[in-house]
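Asker: Take this structure first; my questions come after.
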Amino acid sequence: MAKAYIMINCDKGFGDETLKELRRVKHVTAADVVYGVYDIVAVVQAPAMSAVEETIINKIRKVKGVSSTLTMLVAKT
């Protein structure tokens, strides 16, 4: 199982809407609002790294309100 943590910055005023939409994305197993440099942290898990990459590039980055992301791929659990 491939896994990644995605740190997300949102456009002002989109936090709640963006969070709801992220939670509906296939392979997103968790998404939470956080305090600090980033607005939301999401966890993506899929059977293969290619599915994780597809989710991040083609789904998460296109969610309304997402202004930037920082991805940390899990190397070992």
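Going through the structure tokens in order, the chains are called A, B, and so on, while each chain numbers its residues from 1 and the ligands are numbered from 1 in the order shown.
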Please identify the helix (DSSP H, G or I) residues within chain A (assignment by DSSP from backbone atoms) and present them as a ChimeraX atom specification.
Answerer: /A:15-23,49-58,60-62
Asker: Might you pull out every residue within 6 Å of stretch 55-68 of chain A, with only C-alpha atoms counted and same-chain residues fewer than 2 positions away left off, and present them as a ChimeraX atom specification?
Answerer: /A:8-11,14,18,52-53
Asker: To test your reading of the structure, identify every residue in stretch 2-58 of chain A that backbone DSSP assigns to strand (DSSP E), and report it as a PyMOL selection string.
Answerer: chain A and resi 2-10+28-33+40-46
Asker: Store the residues picked out above in a file with N, CA, C and O atoms, as a CSV table (one decimal), in the first residue's frame.
Answerer:
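Final output, saved to selection26.csv:
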```csv
chain,number,residue,atom,x,y,z
A,2,ALA,N,0.7,2.2,-0.9
A,2,ALA,CA,1.4,3.4,-1.0
A,2,ALA,C,0.6,4.5,-0.2
A,2,ALA,O,-0.6,4.5,-0.2
A,3,LYS,N,1.4,5.4,0.4
A,3,LYS,CA,0.8,6.4,1.3
A,3,LYS,C,1.5,7.7,1.1
A,3,LYS,O,2.7,7.7,1.0
A,4,ALA,N,0.8,8.8,1.3
A,4,ALA,CA,1.4,10.2,1.2
A,4,ALA,C,0.6,11.1,2.1
A,4,ALA,O,-0.6,10.9,2.3
A,5,TYR,N,1.3,12.1,2.7
A,5,TYR,CA,0.7,13.2,3.5
A,5,TYR,C,0.8,14.4,2.6
A,5,TYR,O,1.9,14.7,2.0
A,6,ILE,N,-0.3,15.1,2.4
A,6,ILE,CA,-0.4,16.3,1.6
A,6,ILE,C,-0.7,17.5,2.5
A,6,ILE,O,-1.8,17.5,3.1
A,7,MET,N,0.2,18.5,2.5
A,7,MET,CA,0.0,19.7,3.2
A,7,MET,C,-0.6,20.7,2.2
A,7,MET,O,-0.1,20.9,1.1
A,8,ILE,N,-1.7,21.3,2.5
A,8,ILE,CA,-2.5,22.1,1.6
A,8,ILE,C,-2.7,23.5,2.1
A,8,ILE,O,-3.1,23.7,3.2
A,9,ASN,N,-2.5,24.5,1.2
A,9,ASN,CA,-2.9,25.9,1.5
A,9,ASN,C,-4.1,26.2,0.7
A,9,ASN,O,-4.2,25.7,-0.5
A,10,CYS,N,-5.0,26.9,1.3
A,10,CYS,CA,-6.3,27.2,0.7
A,10,CYS,C,-6.4,28.7,0.4
A,10,CYS,O,-5.8,29.5,1.1
A,28,VAL,N,-8.4,9.5,-0.6
A,28,VAL,CA,-8.2,10.4,0.5
A,28,VAL,C,-8.8,9.7,1.7
A,28,VAL,O,-10.0,9.6,1.8
A,29,THR,N,-7.9,9.3,2.6
A,29,THR,CA,-8.5,8.5,3.8
A,29,THR,C,-8.7,9.4,5.0
A,29,THR,O,-9.4,9.0,6.0
A,30,ALA,N,-8.1,10.6,5.0
A,30,ALA,CA,-8.3,11.6,6.1
A,30,ALA,C,-8.0,13.0,5.5
A,30,ALA,O,-7.1,13.1,4.7
A,31,ALA,N,-8.7,14.0,6.1
A,31,ALA,CA,-8.4,15.4,5.7
A,31,ALA,C,-8.8,16.2,6.9
A,31,ALA,O,-10.0,16.1,7.4
A,32,ASP,N,-7.9,17.0,7.5
A,32,ASP,CA,-8.2,17.8,8.7
A,32,ASP,C,-7.6,19.2,8.5
A,32,ASP,O,-6.6,19.4,8.0
A,33,VAL,N,-8.4,20.1,9.1
A,33,VAL,CA,-7.9,21.5,9.2
A,33,VAL,C,-6.8,21.6,10.3
A,33,VAL,O,-7.0,21.0,11.4
A,40,ILE,N,-4.7,22.6,5.6
A,40,ILE,CA,-5.3,21.3,5.7
A,40,ILE,C,-4.2,20.3,5.5
A,40,ILE,O,-3.3,20.5,4.7
A,41,VAL,N,-4.3,19.2,6.2
A,41,VAL,CA,-3.4,18.0,6.0
A,41,VAL,C,-4.3,16.9,5.5
A,41,VAL,O,-5.3,16.6,6.2
A,42,ALA,N,-4.0,16.3,4.4
A,42,ALA,CA,-4.7,15.1,3.9
A,42,ALA,C,-3.8,13.9,3.8
A,42,ALA,O,-2.6,14.0,3.6
A,43,VAL,N,-4.4,12.7,4.0
A,43,VAL,CA,-3.7,11.5,3.8
A,43,VAL,C,-4.3,10.7,2.6
A,43,VAL,O,-5.5,10.6,2.5
A,44,VAL,N,-3.4,10.3,1.7
A,44,VAL,CA,-3.8,9.6,0.6
A,44,VAL,C,-3.2,8.2,0.6
A,44,VAL,O,-2.0,8.0,0.9
A,45,GLN,N,-4.0,7.1,0.5
A,45,GLN,CA,-3.6,5.7,0.5
A,45,GLN,C,-4.2,5.0,-0.7
A,45,GLN,O,-5.4,5.2,-1.0
A,46,ALA,N,-3.3,4.3,-1.4
A,46,ALA,CA,-3.8,3.5,-2.6
A,46,ALA,C,-2.9,2.3,-2.7
A,46,ALA,O,-1.8,2.2,-2.2
```
Asker: Choose the residue, out of A:Ala51, A:Leu73, A:Met1, A:Tyr38, that has the smallest atom-to-atom separation from A:Lys26; count only C-alpha atoms.
Answerer: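 Smallest separation from A:Lys26 among the options: A:Ala51.
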